[in-house]
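Visitor: Before I ask anything, here is the structure I am working with.
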Amino acid sequence: MKRINYYAAAPNAMKAMMGLERAIAESLLPLSLRELVKIRASQINGCAYCIDMHSKDALKNGEDVRRLMALPAWRETPFFDERERAALLWTETLTELSKNGAPDAVYSAVAAQFSEQELSELTFLIGTINAWNRFGVGFAMQLPT
């Protein structure tokens, strides 16, 4: 079934989303970390379109393919530093809010790795990619061939 073009159907909301994307692009967070977060949330949400797009972007920006392949098992690998692990933990926590909420212990572990501005930007990043995933899955975005 062909689904609507949400860009065209809600241009003012789309303009706001693109403004949020521009703000995130100016974040203190390193690009490599932002891409890892986008990929991990997209994996959890099953958004093939976003996984494909952000994996290509990460590779183009020098990310190691081994780290991308290990991303679903980040806890069991030595490939991620403490800040990346904290960001991935916060990503999974906020992406899967219905499971356990956002416990104080998780927040404390994450907050220990980031300044207040960075933690706020990380949370905006996670919220934004989760929104994009809902568009990608909800409107059945097709992968380029």
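Going through the structure tokens in order, the chains are called A, B, and so on, while each chain numbers its residues from 1 and the ligands are numbered from 1 in the order shown.
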Quick one: residues within 10 Å of Pro78 (chain A), only C-alpha atoms counted, chain neighbours fewer than 4 positions away excluded, as a PDB file with all heavy atoms, in the first residue's frame?
Guide:
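The result, written out as result36.pdb:
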ATOM      1  N   ARG A  67      32.986  -1.944  14.463  1.00  0.00           N
ATOM      2  CA  ARG A  67      32.179  -1.331  15.529  1.00  0.00           C
ATOM      3  C   ARG A  67      30.707  -1.291  15.133  1.00  0.00           C
ATOM      4  O   ARG A  67      29.835  -1.555  15.962  1.00  0.00           O
ATOM      5  CB  ARG A  67      32.688   0.081  15.828  1.00  0.00           C
ATOM      6  CG  ARG A  67      33.964   0.087  16.633  1.00  0.00           C
ATOM      7  CD  ARG A  67      34.604   1.439  16.802  1.00  0.00           C
ATOM      8  NE  ARG A  67      33.811   2.623  16.798  1.00  0.00           N
ATOM      9  CZ  ARG A  67      33.557   3.379  17.884  1.00  0.00           C
ATOM     10  NH1 ARG A  67      34.047   3.038  19.061  1.00  0.00           N
ATOM     11  NH2 ARG A  67      32.844   4.476  17.774  1.00  0.00           N
ATOM     12  N   ALA A  70      29.194  -4.670  15.562  1.00  0.00           N
ATOM     13  CA  ALA A  70      29.093  -5.065  16.970  1.00  0.00           C
ATOM     14  C   ALA A  70      28.124  -4.196  17.770  1.00  0.00           C
ATOM     15  O   ALA A  70      27.881  -4.474  18.945  1.00  0.00           O
ATOM     16  CB  ALA A  70      30.471  -5.016  17.619  1.00  0.00           C
ATOM     17  N   TRP A  74      27.058  -4.027  22.058  1.00  0.00           N
ATOM     18  CA  TRP A  74      28.075  -3.086  22.544  1.00  0.00           C
ATOM     19  C   TRP A  74      28.555  -3.394  23.949  1.00  0.00           C
ATOM     20  O   TRP A  74      29.699  -3.130  24.279  1.00  0.00           O
ATOM     21  CB  TRP A  74      27.566  -1.648  22.443  1.00  0.00           C
ATOM     22  CG  TRP A  74      26.352  -1.327  23.262  1.00  0.00           C
ATOM     23  CD1 TRP A  74      25.053  -1.392  22.850  1.00  0.00           C
ATOM     24  CD2 TRP A  74      26.316  -0.887  24.617  1.00  0.00           C
ATOM     25  NE1 TRP A  74      24.205  -1.019  23.870  1.00  0.00           N
ATOM     26  CE2 TRP A  74      24.956  -0.706  24.966  1.00  0.00           C
ATOM     27  CE3 TRP A  74      27.293  -0.633  25.575  1.00  0.00           C
ATOM     28  CZ2 TRP A  74      24.556  -0.285  26.231  1.00  0.00           C
ATOM     29  CZ3 TRP A  74      26.890  -0.204  26.836  1.00  0.00           C
ATOM     30  CH2 TRP A  74      25.542  -0.035  27.151  1.00  0.00           C
TER      31      TRP A  74
END
Visitor: Wanna dump the region 60-87 of chain A-region 119-137 of chain A contacts at 12 Å for me, each residue with its shortest atom pair and the distance in Å to one decimal, counting only C-alpha atoms, ordered by chain and number, as JSON lines?
Guide:
{"residue": "A:Arg83", "atom": "CA", "partner": "A:Leu119", "partner_atom": "CA", "distance": 10.9}
{"residue": "A:Glu84", "atom": "CA", "partner": "A:Leu122", "partner_atom": "CA", "distance": 11.1}
{"residue": "A:Ala86", "atom": "CA", "partner": "A:Leu119", "partner_atom": "CA", "distance": 10.2}
{"residue": "A:Ala87", "atom": "CA", "partner": "A:Leu122", "partner_atom": "CA", "distance": 7.4}
Visitor: Please write the residues from the selection above to a file, keeping all heavy atoms, as a PDB file, in the first residue's frame.
Guide:
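Below is the file that was written, out04.pdb:
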ATOM      1  N   ARG A  83      32.308   6.962  27.345  1.00  0.00           N
ATOM      2  CA  ARG A  83      31.288   7.938  26.905  1.00  0.00           C
ATOM      3  C   ARG A  83      30.350   7.318  25.877  1.00  0.00           C
ATOM      4  O   ARG A  83      29.145   7.530  25.920  1.00  0.00           O
ATOM      5  CB  ARG A  83      31.947   9.191  26.333  1.00  0.00           C
ATOM      6  CG  ARG A  83      32.419  10.142  27.417  1.00  0.00           C
ATOM      7  CD  ARG A  83      33.172  11.336  26.864  1.00  0.00           C
ATOM      8  NE  ARG A  83      32.535  12.077  25.802  1.00  0.00           N
ATOM      9  CZ  ARG A  83      31.781  13.164  25.969  1.00  0.00           C
ATOM     10  NH1 ARG A  83      31.565  13.645  27.175  1.00  0.00           N
ATOM     11  NH2 ARG A  83      31.266  13.794  24.935  1.00  0.00           N
ATOM     12  N   GLU A  84      30.904   6.557  24.953  1.00  0.00           N
ATOM     13  CA  GLU A  84      30.059   5.889  23.960  1.00  0.00           C
ATOM     14  C   GLU A  84      29.126   4.885  24.637  1.00  0.00           C
ATOM     15  O   GLU A  84      27.941   4.806  24.307  1.00  0.00           O
ATOM     16  CB  GLU A  84      30.924   5.191  22.912  1.00  0.00           C
ATOM     17  CG  GLU A  84      31.652   6.164  22.008  1.00  0.00           C
ATOM     18  CD  GLU A  84      32.723   5.511  21.171  1.00  0.00           C
ATOM     19  OE1 GLU A  84      33.299   4.457  21.579  1.00  0.00           O
ATOM     20  OE2 GLU A  84      33.017   6.070  20.094  1.00  0.00           O
ATOM     21  N   ALA A  86      28.015   5.016  27.684  1.00  0.00           N
ATOM     22  CA  ALA A  86      26.981   5.778  28.402  1.00  0.00           C
ATOM     23  C   ALA A  86      25.931   6.289  27.420  1.00  0.00           C
ATOM     24  O   ALA A  86      24.723   6.225  27.699  1.00  0.00           O
ATOM     25  CB  ALA A  86      27.621   6.933  29.168  1.00  0.00           C
ATOM     26  N   ALA A  87      26.363   6.788  26.279  1.00  0.00           N
ATOM     27  CA  ALA A  87      25.417   7.287  25.274  1.00  0.00           C
ATOM     28  C   ALA A  87      24.538   6.163  24.744  1.00  0.00           C
ATOM     29  O   ALA A  87      23.324   6.348  24.548  1.00  0.00           O
ATOM     30  CB  ALA A  87      26.169   7.951  24.125  1.00  0.00           C
TER      31      ALA A  87
END
Visitor: Quote the spacing between CA of Thr145 (chain A) and CA of Ala73 (chain A) in Å to one decimal place.
Guide: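 Computed distance, CA of Thr145 (chain A) to CA of Ala73 (chain A), equals 27.7 Å.
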Visitor: Per DSSP on the backbone, what are the helix (DSSP H, G or I) residues of region 34-126 of chain A, as JSON, numbers by chain?
Guide: {"A": [34, 35, 36, 37, 38, 39, 40, 41, 42, 43, 44, 45, 48, 49, 50, 51, 52, 53, 54, 55, 56, 57, 58, 59, 60, 65, 66, 67, 68, 69, 70, 71, 72, 73, 74, 75, 76, 82, 83, 84, 85, 86, 87, 88, 89, 90, 91, 92, 93, 94, 95, 97, 98, 99, 100, 104, 105, 106, 107, 108, 109, 110, 111, 116, 117, 118, 119, 120, 121, 122, 123, 124, 125, 126]}
Visitor: Excluding Glu63 (chain A) and its own-chain neighbours fewer than 6 positions away, which residues fall within 9 Å of it when counting only C-alpha atoms? Please give them as a PyMOL selection string.
Guide: chain A and resi 32+55+57
Visitor: With only C-alpha atoms as the atoms that count, which of A:Leu36, A:Leu20, A:Ala9, A:Leu88 lies nearest to Leu59 (chain A)?
Guide: A:Leu36
Visitor: Would you please work out which residue, of A:Lys60, A:Arg66, A:Arg40, A:His54, is nearest to Leu94 (chain A) when using only C-alpha atoms?
Guide: A:Arg40
Visitor: Looking at only C-alpha atoms, which of A:Gly19, A:Pro11, A:Gly46, A:Pro30 is the one that sits closest to Ala140 (chain A)?
Guide: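 The closest residue to Ala140 (chain A) is A:Gly46.
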Visitor: Could you tell me how far CA of Phe114 (chain A) lies from CA of Trp90 (chain A), in Å and to one decimal?
Guide: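 Separating CA of Phe114 (chain A) from CA of Trp90 (chain A) is a distance of 11.3 Å.
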Visitor: In Å, with one decimal, what is the gap from CA of Glu96 (chain A) to CA of Ile44 (chain A)?
Guide: 8.2 Å
